[in-house]
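Below is the file protein_17.cif, which contains mmCIF, C-alpha atoms.
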```cif
data_upload
#
loop_
_atom_site.label_atom_id
_atom_site.label_comp_id
_atom_site.auth_asym_id
_atom_site.auth_seq_id
_atom_site.Cartn_x
_atom_site.Cartn_y
_atom_site.Cartn_z
CA MET A 1 -28.75 111.97 98.68
CA GLY A 2 -31.96 113.09 100.40
CA LYS A 3 -32.52 116.01 97.99
CA GLY A 4 -32.26 113.98 94.81
CA LYS A 5 -29.96 113.76 91.83
CA LYS A 6 -29.95 115.02 88.26
CA TYR A 7 -28.72 113.05 85.25
CA LEU A 8 -28.61 113.52 81.51
CA ALA A 9 -30.81 110.93 79.82
CA ASN A 10 -27.81 109.64 77.83
CA ASP A 11 -24.68 111.75 78.11
CA THR A 12 -22.75 109.91 75.37
CA MET A 13 -25.48 110.23 72.73
CA PHE A 14 -26.05 113.86 73.77
CA MET A 15 -22.38 114.80 73.30
CA PHE A 16 -22.02 113.09 69.91
CA ALA A 17 -25.28 114.57 68.61
CA LEU A 18 -24.35 118.04 69.86
CA LEU A 19 -20.93 117.85 68.20
CA TYR A 20 -22.41 116.68 64.88
CA PHE A 21 -25.11 119.36 65.04
CA LEU A 22 -22.58 122.14 65.72
CA PHE A 23 -20.26 120.82 62.99
CA LEU A 24 -23.06 120.79 60.41
CA ILE A 25 -24.18 124.29 61.44
CA ALA A 26 -20.57 125.51 61.09
CA ILE A 27 -20.40 124.04 57.59
CA SER A 28 -23.72 125.67 56.74
CA ILE A 29 -22.53 129.08 57.94
CA THR A 30 -19.25 128.70 56.07
CA LEU A 31 -21.11 127.85 52.87
CA CYS A 32 -23.29 130.94 53.30
CA THR A 33 -20.18 133.13 53.51
CA ILE A 34 -19.07 131.92 50.08
CA SER A 35 -22.59 132.32 48.62
CA ARG A 36 -23.36 128.59 48.34
CA TYR A 37 -26.88 128.98 49.71
CA ILE A 38 -28.37 125.72 48.38
CA SER A 39 -25.50 123.70 49.84
CA ALA A 40 -25.83 125.61 53.12
CA LEU A 41 -29.54 124.77 53.23
CA VAL A 42 -28.79 121.08 52.63
CA PHE A 43 -26.36 120.98 55.57
CA LEU A 44 -28.82 122.90 57.72
CA LEU A 45 -31.52 120.34 56.93
CA ILE A 46 -29.14 117.47 57.67
CA SER A 47 -28.45 118.99 61.11
CA ILE A 48 -32.13 118.90 62.20
CA PRO A 49 -32.25 115.19 63.18
CA PHE A 50 -29.17 115.72 65.35
CA LEU A 51 -30.95 118.59 67.11
CA ALA A 52 -33.82 116.18 67.87
CA ILE A 53 -31.31 113.74 69.38
CA VAL A 54 -29.80 116.56 71.46
CA PHE A 55 -33.29 117.35 72.76
CA ARG A 56 -34.07 113.69 73.52
CA TYR A 57 -30.82 112.66 75.19
CA GLY A 58 -29.81 116.03 76.62
CA SER A 59 -32.93 116.13 78.74
CA VAL A 60 -32.33 116.10 82.48
CA VAL A 61 -33.86 113.35 84.59
CA LYS A 62 -34.28 114.38 88.22
CA VAL A 63 -34.80 111.61 90.76
CA GLU A 64 -36.01 113.01 94.09
CA LYS A 65 -38.15 112.22 97.10
CA VAL A 66 -41.48 113.15 95.48
CA GLY A 67 -40.94 111.51 92.09
CA VAL A 68 -39.06 111.50 88.81
CA SER A 69 -39.13 114.35 86.33
CA LEU A 70 -37.80 114.97 82.83
CA SER A 71 -36.93 118.46 81.65
CA PHE A 72 -35.02 120.23 78.92
CA LEU A 73 -33.44 123.66 79.50
CA GLY A 74 -35.41 123.92 82.75
CA ILE A 75 -38.80 123.25 81.13
CA ARG A 76 -40.47 120.17 82.62
CA ARG A 77 -41.67 117.78 79.93
CA ARG A 78 -42.84 114.91 82.10
CA TYR A 79 -43.28 114.12 85.78
CA ILE A 80 -44.24 110.87 87.50
CA PRO A 81 -44.70 110.81 91.29
CA TRP A 82 -43.42 107.69 93.06
CA ASN A 83 -46.94 106.51 93.92
CA GLU A 84 -47.76 106.38 90.18
CA ILE A 85 -44.62 104.48 89.15
CA ALA A 86 -45.74 100.89 88.69
CA GLU A 87 -42.24 99.58 88.06
CA VAL A 88 -38.65 100.48 87.32
CA ASP A 89 -36.89 98.39 84.68
CA VAL A 90 -33.35 97.89 83.48
CA ILE A 91 -33.62 97.11 79.79
CA GLY A 92 -31.05 96.46 77.08
CA SER A 93 -31.71 98.27 73.82
CA LYS A 94 -30.53 95.53 71.45
CA VAL A 95 -33.60 93.28 71.65
CA LEU A 96 -33.20 91.66 68.23
CA ASN A 97 -29.96 89.91 69.20
CA ARG A 98 -31.12 88.04 72.30
CA ASN A 99 -29.19 84.86 71.42
CA ASN A 100 -25.89 86.52 72.37
CA THR A 101 -26.01 87.51 76.06
CA LYS A 102 -22.87 89.64 75.70
CA LYS A 103 -24.50 91.98 73.19
CA CYS A 104 -27.52 93.59 74.84
CA GLY A 105 -26.93 97.16 73.62
CA THR A 106 -27.18 100.26 75.77
CA LEU A 107 -28.81 99.63 79.12
CA TYR A 108 -31.52 102.02 80.28
CA LEU A 109 -33.37 102.60 83.53
CA ILE A 110 -37.05 103.00 82.65
CA PHE A 111 -39.60 104.56 85.03
CA SER A 112 -42.98 103.23 83.96
CA PRO A 113 -46.46 104.23 85.17
CA GLU A 114 -47.76 100.83 84.01
CA LYS A 115 -46.79 97.22 84.64
CA LEU A 116 -44.96 95.74 81.65
CA ASP A 117 -44.65 92.16 80.51
CA ASP A 118 -41.89 90.90 78.20
CA ASP A 119 -43.98 91.57 75.07
CA LYS A 120 -44.60 95.20 76.09
CA ARG A 121 -40.92 95.68 76.92
CA PHE A 122 -39.88 94.24 73.55
CA ASP A 123 -42.40 96.45 71.73
CA MET A 124 -41.28 99.53 73.69
CA MET A 125 -37.65 98.98 72.69
CA LEU A 126 -38.61 98.55 69.03
CA LYS A 127 -40.51 101.86 69.15
CA TRP A 128 -37.79 103.69 71.08
CA PRO A 129 -37.99 106.22 72.72
CA PRO A 130 -41.06 105.63 74.87
CA LYS A 131 -43.47 108.56 74.95
CA ASP A 132 -45.14 107.96 78.32
CA LYS A 133 -42.12 106.84 80.35
CA ILE A 134 -38.99 108.45 81.71
CA TYR A 135 -35.66 106.83 80.88
CA LEU A 136 -31.98 107.36 81.48
CA LYS A 137 -28.80 105.47 80.69
CA PHE A 138 -28.09 102.77 83.26
CA THR A 139 -25.09 102.79 85.57
CA LYS A 140 -24.69 100.92 88.83
CA ASP A 141 -24.21 104.25 90.64
CA ARG A 142 -27.53 105.51 89.30
CA LEU A 143 -29.22 102.32 90.42
CA MET A 144 -27.72 102.75 93.90
CA ASP A 145 -28.93 106.37 94.02
CA LEU A 146 -32.40 105.24 92.94
CA GLN A 147 -32.66 102.86 95.89
CA TRP A 148 -32.85 105.84 98.27
CA PHE A 149 -36.35 106.50 96.91
CA TYR A 150 -37.56 103.23 95.36
CA SER A 151 -37.62 100.12 97.53
CA LYS A 152 -39.41 97.68 95.20
CA PRO A 153 -37.45 95.19 93.09
CA VAL A 154 -36.13 96.46 89.77
CA GLU A 155 -37.36 94.44 86.77
CA LYS A 156 -34.76 93.20 84.27
CA TYR A 157 -35.11 92.54 80.55
CA ASN A 158 -32.41 91.73 78.00
CA ILE A 159 -29.54 92.76 80.26
CA GLY A 160 -27.20 89.95 79.30
CA MET A 161 -24.86 88.78 82.04
CA LEU A 162 -25.27 91.92 84.16
CA ASP A 163 -25.95 91.08 87.78
CA ILE A 164 -27.98 93.65 89.67
#
```

Represent the structure contained in this file as C-alpha coordinates.
Amino acid sequence: MGKGKKYLANDTMFMFALLYFLFLIAISITLCTISRYISALVFLLISIPFLAIVFRYGSVVKVEKVGVSLSFLGIRRRYIPWNEIAEVDVIGSKVLNRNNTKKCGTLYLIFSPEKLDDDKRFDMMLKWPPKDKIYLKFTKDRLMDLQWFYSKPVEKYNIGMLDI
(Lines of atoms letter the chains of each structure in order from A and count residues from 1; the text may use other names and numbers.)
(Lines give C-alpha, C1' and ligand atoms only; values in the text may rest on other atoms or scores of the structure.)
Protein backbone atom coordinates (compact mmCIF):
# COMPACT_ATOMS: atom_id res chain seq x y z
CA MET A 1 0.00 0.00 0.00
CA GLY A 2 3.01 2.32 0.26
CA LYS A 3 2.65 3.60 -3.33
CA GLY A 4 -0.99 4.60 -3.04
CA LYS A 5 -4.28 3.55 -4.55
CA LYS A 6 -6.57 4.79 -7.30
CA TYR A 7 -10.37 4.82 -7.12
CA LEU A 8 -13.22 6.06 -9.27
CA ALA A 9 -15.08 8.83 -7.46
CA ASN A 10 -18.32 6.81 -7.67
CA ASP A 11 -18.14 3.72 -9.84
CA THR A 12 -21.90 2.99 -9.76
CA MET A 13 -22.96 6.48 -10.87
CA PHE A 14 -20.19 6.49 -13.49
CA MET A 15 -21.35 3.20 -15.05
CA PHE A 16 -25.04 4.17 -15.16
CA ALA A 17 -24.29 7.62 -16.59
CA LEU A 18 -21.93 6.16 -19.19
CA LEU A 19 -24.52 3.59 -20.27
CA TYR A 20 -27.26 6.23 -20.56
CA PHE A 21 -24.94 8.56 -22.46
CA LEU A 22 -23.92 5.86 -24.94
CA PHE A 23 -27.54 4.74 -25.36
CA LEU A 24 -28.69 8.29 -26.13
CA ILE A 25 -25.81 8.82 -28.56
CA ALA A 26 -26.72 5.54 -30.31
CA ILE A 27 -30.32 6.72 -30.65
CA SER A 28 -29.11 10.05 -32.00
CA ILE A 29 -26.91 8.36 -34.61
CA THR A 30 -29.71 6.01 -35.60
CA LEU A 31 -32.09 8.94 -36.06
CA CYS A 32 -29.51 10.69 -38.26
CA THR A 33 -29.34 7.63 -40.52
CA ILE A 34 -33.07 7.90 -41.20
CA SER A 35 -32.88 11.69 -41.72
CA ARG A 36 -34.63 12.65 -38.47
CA TYR A 37 -32.15 15.41 -37.68
CA ILE A 38 -34.28 17.42 -35.22
CA SER A 39 -35.04 14.29 -33.18
CA ALA A 40 -31.36 13.33 -33.31
CA LEU A 41 -30.42 16.78 -32.00
CA VAL A 42 -32.92 16.44 -29.14
CA PHE A 43 -31.41 13.11 -28.05
CA LEU A 44 -27.92 14.55 -28.40
CA LEU A 45 -28.88 17.45 -26.13
CA ILE A 46 -30.46 15.08 -23.61
CA SER A 47 -27.17 13.12 -23.47
CA ILE A 48 -25.09 16.16 -22.36
CA PRO A 49 -26.03 16.06 -18.64
CA PHE A 50 -25.06 12.38 -18.55
CA LEU A 51 -21.67 13.28 -20.00
CA ALA A 52 -21.23 15.77 -17.13
CA ILE A 53 -22.03 12.99 -14.65
CA VAL A 54 -19.50 10.71 -16.38
CA PHE A 55 -16.89 13.45 -15.98
CA ARG A 56 -17.76 14.04 -12.31
CA TYR A 57 -18.00 10.45 -11.10
CA GLY A 58 -15.57 8.86 -13.55
CA SER A 59 -12.75 10.99 -12.22
CA VAL A 60 -9.94 9.06 -10.56
CA VAL A 61 -9.03 9.83 -6.96
CA LYS A 62 -5.45 8.86 -6.14
CA VAL A 63 -4.54 8.53 -2.47
CA GLU A 64 -0.77 8.39 -1.99
CA LYS A 65 2.01 9.31 0.39
CA VAL A 66 2.27 12.97 -0.70
CA GLY A 67 -1.45 13.77 -0.89
CA VAL A 68 -4.74 13.20 -2.66
CA SER A 69 -5.36 14.07 -6.29
CA LEU A 70 -8.35 14.07 -8.62
CA SER A 71 -7.92 13.55 -12.35
CA PHE A 72 -9.93 12.70 -15.43
CA LEU A 73 -8.35 10.89 -18.40
CA GLY A 74 -4.93 11.52 -16.85
CA ILE A 75 -5.42 15.30 -16.52
CA ARG A 76 -5.13 16.43 -12.91
CA ARG A 77 -8.04 18.62 -11.87
CA ARG A 78 -7.27 19.04 -8.19
CA TYR A 79 -4.52 18.13 -5.74
CA ILE A 80 -4.36 18.53 -1.97
CA PRO A 81 -1.16 17.58 -0.11
CA TRP A 82 -1.66 15.87 3.25
CA ASN A 83 -0.34 18.88 5.18
CA GLU A 84 -3.15 21.00 3.69
CA ILE A 85 -5.95 18.54 4.44
CA ALA A 86 -7.67 19.90 7.54
CA GLU A 87 -9.99 16.92 7.90
CA VAL A 88 -11.37 13.81 6.26
CA ASP A 89 -15.10 13.22 6.63
CA VAL A 90 -17.51 10.37 6.02
CA ILE A 91 -20.78 12.00 5.05
CA GLY A 92 -24.16 10.62 4.00
CA SER A 93 -25.71 12.36 1.01
CA LYS A 94 -29.34 12.23 2.15
CA VAL A 95 -29.22 15.10 4.66
CA LEU A 96 -32.90 16.04 4.45
CA ASN A 97 -34.05 12.74 5.97
CA ARG A 98 -32.04 12.76 9.19
CA ASN A 99 -34.93 11.42 11.30
CA ASN A 100 -34.48 7.93 9.81
CA THR A 101 -30.98 6.66 10.65
CA LYS A 102 -31.31 3.78 8.18
CA LYS A 103 -31.66 6.13 5.20
CA CYS A 104 -28.54 8.27 4.99
CA GLY A 105 -28.01 8.02 1.21
CA THR A 106 -24.70 7.35 -0.49
CA LEU A 107 -21.74 7.67 1.84
CA TYR A 108 -18.74 9.67 0.67
CA LEU A 109 -15.21 10.19 1.90
CA ILE A 110 -14.48 13.92 1.68
CA PHE A 111 -10.95 15.36 1.77
CA SER A 112 -11.31 18.95 2.92
CA PRO A 113 -8.68 21.71 3.09
CA GLU A 114 -10.80 23.48 5.72
CA LYS A 115 -12.36 22.49 9.05
CA LEU A 116 -16.10 21.93 8.71
CA ASP A 117 -18.85 22.21 11.28
CA ASP A 118 -22.26 20.53 10.93
CA ASP A 119 -23.77 23.58 9.20
CA LYS A 120 -20.99 23.64 6.57
CA ARG A 121 -21.33 19.90 6.01
CA PHE A 122 -25.10 20.22 5.58
CA ASP A 123 -24.66 23.13 3.16
CA MET A 124 -21.98 21.25 1.21
CA MET A 125 -24.27 18.26 0.71
CA LEU A 126 -27.12 20.51 -0.46
CA LYS A 127 -24.80 22.10 -3.03
CA TRP A 128 -23.28 18.79 -4.13
CA PRO A 129 -20.67 18.28 -5.57
CA PRO A 130 -18.18 20.38 -3.63
CA LYS A 131 -15.89 22.47 -5.82
CA ASP A 132 -12.88 22.83 -3.51
CA LYS A 133 -12.80 19.33 -2.02
CA ILE A 134 -11.98 15.85 -3.26
CA TYR A 135 -14.56 13.12 -2.69
CA LEU A 136 -15.06 9.45 -3.40
CA LYS A 137 -17.67 6.86 -2.56
CA PHE A 138 -17.12 5.37 0.89
CA THR A 139 -16.26 1.73 1.50
CA LYS A 140 -14.65 0.25 4.58
CA ASP A 141 -11.75 -0.99 2.42
CA ARG A 142 -11.11 2.54 1.18
CA LEU A 143 -11.16 3.83 4.73
CA MET A 144 -8.64 1.15 5.74
CA ASP A 145 -6.40 2.10 2.79
CA LEU A 146 -6.65 5.75 3.78
CA GLN A 147 -5.31 5.02 7.26
CA TRP A 148 -1.89 4.22 5.77
CA PHE A 149 -1.49 7.93 5.06
CA TYR A 150 -3.90 9.75 7.38
CA SER A 151 -3.62 9.14 11.12
CA LYS A 152 -6.06 11.76 12.44
CA PRO A 153 -9.64 10.80 13.38
CA VAL A 154 -12.16 10.73 10.55
CA GLU A 155 -15.14 13.05 11.12
CA LYS A 156 -18.64 11.59 10.69
CA TYR A 157 -21.85 13.29 9.61
CA ASN A 158 -25.22 11.75 8.76
CA ILE A 159 -23.87 8.21 8.48
CA GLY A 160 -26.78 6.49 10.18
CA MET A 161 -25.91 3.37 12.13
CA LEU A 162 -22.55 2.85 10.41
CA ASP A 163 -19.79 2.20 12.91
CA ILE A 164 -16.33 3.30 11.81

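Atom pair CA of Ile85 in chain A / CA of Thr106 in chain A has a distance of 22.4 Å (rounded to one decimal).
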
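Using only C-alpha atoms, the protein and nucleic acid residues lying no more than 8 Å from range 12-16 of chain A, apart from those fewer than 5 places from it along its own chain, are Ile53, Val54, Tyr57 and Gly58 of chain A.
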
Using the chain letters and residue numbers of this document, give as a PyMOL selection string the residues selected by the PyMOL selection byres ((chain A and resi 126-133) around 10).
chain A and resi 56-57+70+78-80+85+93-96+110-114+120-125+134-135

Non-local contacts of Ile46 in chain A (10 Å; all atoms listed in the file; under 2 positions in same chain excluded) as a PDB file with C-alpha atoms, in the frame of the given file:
```pdb
ATOM      1  CA  TYR A  20     -22.410 116.680  64.880  1.00  0.00           C
ATOM      2  CA  PHE A  21     -25.110 119.360  65.040  1.00  0.00           C
ATOM      3  CA  LEU A  24     -23.060 120.790  60.410  1.00  0.00           C
ATOM      4  CA  ILE A  25     -24.180 124.290  61.440  1.00  0.00           C
ATOM      5  CA  SER A  28     -23.720 125.670  56.740  1.00  0.00           C
ATOM      6  CA  ALA A  40     -25.830 125.610  53.120  1.00  0.00           C
ATOM      7  CA  LEU A  41     -29.540 124.770  53.230  1.00  0.00           C
ATOM      8  CA  VAL A  42     -28.790 121.080  52.630  1.00  0.00           C
ATOM      9  CA  PHE A  43     -26.360 120.980  55.570  1.00  0.00           C
ATOM     10  CA  LEU A  44     -28.820 122.900  57.720  1.00  0.00           C
ATOM     11  CA  ILE A  48     -32.130 118.900  62.200  1.00  0.00           C
ATOM     12  CA  PRO A  49     -32.250 115.190  63.180  1.00  0.00           C
ATOM     13  CA  PHE A  50     -29.170 115.720  65.350  1.00  0.00           C
ATOM     14  CA  LEU A  51     -30.950 118.590  67.110  1.00  0.00           C
TER      15      LEU A  51
END
```

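Across A:Leu107, A:Ala17, A:Leu116, A:Leu146, the tightest approach to Ala86 in chain A is made by A:Leu116 when counting all atoms listed in the file.
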
Evaluate the PyMOL selection byres ((chain A and resi 147) around 12) and record the selected residues as an MDAnalysis selection string, following the chain and residue labels used in the document.
chainID A and resid 1:2 4:5 63:65 88 140:146 148:154

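Nearest to Ser69 in chain A of all the residues A:Tyr7, A:Asp118, A:Ile34, A:Leu45 is A:Tyr7, based on all atoms listed in the file.
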
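Going from CA of Ser47 in chain A over to CA of Leu109 in chain A, you cover 28.2 Å.
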
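Picture a line from CA of Gly92 in chain A to CA of Asp11 in chain A; it runs 16.6 Å.
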
Counting all atoms listed in the file, figure out which residue out of A:Phe55, A:Ile29, A:Tyr108, A:Lys3 gets nearest to Arg77 in chain A.
A:Phe55

Starting from the PyMOL selection byres ((chain A and resi 60) around 7), expand the selection into actual residues of this file and give them as a PyMOL selection string.
chain A and resi 6-9+58-59+61-62+70-72
